[in-house]
Amino acid sequence: MNYKMMGRFLAQIVAVEAVFLLPALAISLGLGEWDAVRGFLISLAVMGIVCLVLFASCRKAPGPFGAKEGLVCVSVGWIALSLLGALPFRFSGEIPRFIDALFEIVSGFTTTGASILPEVETLSRGLLYWRSFSHWLGGMGVLVFLLAVAPAGGKGSGFTMHLLRAESPGPDVGKLVPKMRATAMILYLIYIALTVLDILFLLAGGMPLFDAVCVAFGTAGTGGFAVRNDSIASYSPYLQNVCTVFMLLFGVNFSCYYLLLMRKFSGVFKDEELRLYLGIFLGSTLLVAWNIRGLYGSVADIFRHAAFQVSSIMTTTGFATTDFDLWPSFSKSILLMLMIVGACAGSTGGGLKCARVLLLLKSLRRNIHQVLHPRKVQVVRTNSRVVNETVLDNTAAYLAAYVIILLGSFIVLSLDGFSIETNLSAVLACFNNIGPGLDAVGPTCNYGAYGLASKLVLILDMLAGRLEIFPILVLFSGSTWRNS
């Protein structure tokens, strides 16, 4: 295990977090939010000390950096990012208990959007900005950001590919261009461009600048933290429709946007995952709209709320325009299904991912054909390419781990005495990085009533869901820490 290389990357992660904390500090200074200013300054001092210690002890980091180091570096980095990112909430006194502050910032960085706050509008503007910005930073990934902007290091060791594979969502991670650093840069440039475009459309609809920036951060990272207690409900229909469209756009695999920039339109139109993603969205929207047709006054309102909530839940954003916990059981069942399916691989969305759903369905079809025709060689293809058997095996392993963690977390949460609907939707919402669930954790409620053990389990679920399970699981494997 190359601890020094990992320590150097951890120092860079903390340094990036400290730099991104400065705009939030500036907002609080400008508005005279002195409790928040104190929280930010103490947190920056702690981050500075951590950076100095890590840089001093890990200046020279020779040696190989393999897949094991990549997985550990990503998982430890995200844990450190969360522990330090929670400090401004705690030191400002605005979230007195550290476990609650940690829950809130983990929910932010993992783009979950689950909150322990009963009144979000009581937070200072600086902390509201930091809370929303954590979505934007976590959406694409802090290590992807480092690969895009940090000086090159470890040449020839393949460390960039190991880091990108460990942090990026989906069953298989590849390069857009031959160099991984250029790939990371392209991803972030697309991410920034879409975020700016979202802000401009929100401003055009009359949304205040602060609200537009924070909502765009939540939309881009598919996170769902809002700056109002009613989420997006009090904004105009135009602004809600803008959010619907951009949530859907950020749930698309970013490689599709790269293909569009390269004028390879046929590759986008033939993408099977994109077709499945859009098909599920359209089908679910029509079914939900039909089911809630008696709850709203006009056809426009029916389709606006249906499309918004389907887009919000499917892309794992978690914004709300209405209390969908009051919808009929059929619509809520569709939303629960969408929590599991999630968005596209290579997007900022969470969930199982449409790519995995596609592979699982094709694998099932192949197995049925093999039973009927045992002597015939069967392969799985996506986009006219044969899928490597390793990818199929990893997808099956991911599904097994997904179910085991889901059931284990559900059992632990059941100790708190909430309803089955509450506990199951809470686990699904946190593990799939969605945010609001149903019943006691619905869109008008919060997670504050859960006990310490349940909050710790949900924190681990959020991290495991964002990092695609395996980087977190390797931390608990003895072989990870043995030199071999």
# chains A, B, ... in the order shown; residues from 1 in each chain; ligands from 1
call {"tool": "select_by_dssp", "arguments": {"residues": "stretch 103-337 of chain A", "states": "alpha helix (DSSP H)", "output": "ChimeraX atom specification"}}
result
/A:103-109,125-140,142-149,159-167,180-204,209-220,237-250,254-261,265-269,272-291,299-314,329-337
call {"tool": "closest_atom_pairs", "arguments": {"of": "stretch 306-334 of chain A", "to": "stretch 215-219 of chain A", "cutoff": "10 Å", "atoms": "only C-alpha atoms", "output": "Markdown table"}}
result
| residue | atom | partner | partner_atom | distance |
| --- | --- | --- | --- | --- |
| A:Ser312 | CA | A:Thr219 | CA | 9.0 |
| A:Thr315 | CA | A:Thr219 | CA | 9.5 |
| A:Thr316 | CA | A:Thr219 | CA | 9.9 |
| A:Thr317 | CA | A:Thr219 | CA | 6.6 |
| A:Gly318 | CA | A:Gly218 | CA | 9.1 |
| A:Phe319 | CA | A:Thr219 | CA | 8.4 |
call {"tool": "write_last_selection", "arguments": {"atoms": "C-alpha atoms", "output": "short mmCIF file (atom, residue, chain, number, x, y, z; two decimals), in the first residue's frame"}}
result
data_model
loop_
_atom_site.label_atom_id
_atom_site.label_comp_id
_atom_site.auth_asym_id
_atom_site.auth_seq_id
_atom_site.Cartn_x
_atom_site.Cartn_y
_atom_site.Cartn_z
CA SER A 312 -36.42 14.66 -9.77
CA THR A 315 -32.19 11.60 -11.62
CA THR A 316 -31.95 11.27 -7.81
CA THR A 317 -32.14 15.05 -7.37
CA GLY A 318 -34.88 15.14 -4.76
CA PHE A 319 -36.44 18.56 -5.39
#
call {"tool": "residues_around", "arguments": {"residues": "A:Leu407", "least_positions_apart": "3", "cutoff": "12 Å", "atoms": "only C-alpha atoms", "output": "PyMOL selection string"}}
result
chain A and resi 400-404+410-414+423-425+427-428+431+457+461
call {"tool": "write_last_selection", "arguments": {"atoms": "C-alpha atoms", "output": "short mmCIF file (atom, residue, chain, number, x, y, z; two decimals), in the first residue's frame"}}
result
data_model
loop_
_atom_site.label_atom_id
_atom_site.label_comp_id
_atom_site.auth_asym_id
_atom_site.auth_seq_id
_atom_site.Cartn_x
_atom_site.Cartn_y
_atom_site.Cartn_z
CA ALA A 400 -25.73 -8.73 -4.74
CA ALA A 401 -23.92 -6.16 -2.56
CA TYR A 402 -26.71 -3.64 -3.24
CA VAL A 403 -29.41 -6.01 -1.95
CA ILE A 404 -27.39 -7.12 1.11
CA PHE A 410 -33.46 -1.59 6.69
CA ILE A 411 -33.18 -3.93 9.69
CA VAL A 412 -31.06 -1.43 11.67
CA LEU A 413 -33.45 1.44 10.95
CA SER A 414 -36.39 -0.70 12.06
CA ASN A 423 -37.68 2.94 6.90
CA LEU A 424 -37.65 1.30 3.48
CA SER A 425 -38.00 4.59 1.63
CA VAL A 427 -32.82 3.50 3.02
CA LEU A 428 -33.71 3.64 -0.68
CA PHE A 431 -28.51 4.61 -0.59
CA VAL A 457 -26.00 3.68 8.89
CA ASP A 461 -25.38 4.24 2.83
#
call {"tool": "closest_residue", "arguments": {"among": "A:Phe225, A:Tyr238, A:Tyr3, A:Phe330", "to": "A:Glu121", "atoms": "only C-alpha atoms"}}
result
A:Phe225
call {"tool": "closest_residue", "arguments": {"among": "A:Ser134, A:Leu102, A:Leu295, A:Tyr258", "to": "A:Ala220", "atoms": "only C-alpha atoms"}}
result
A:Ser134
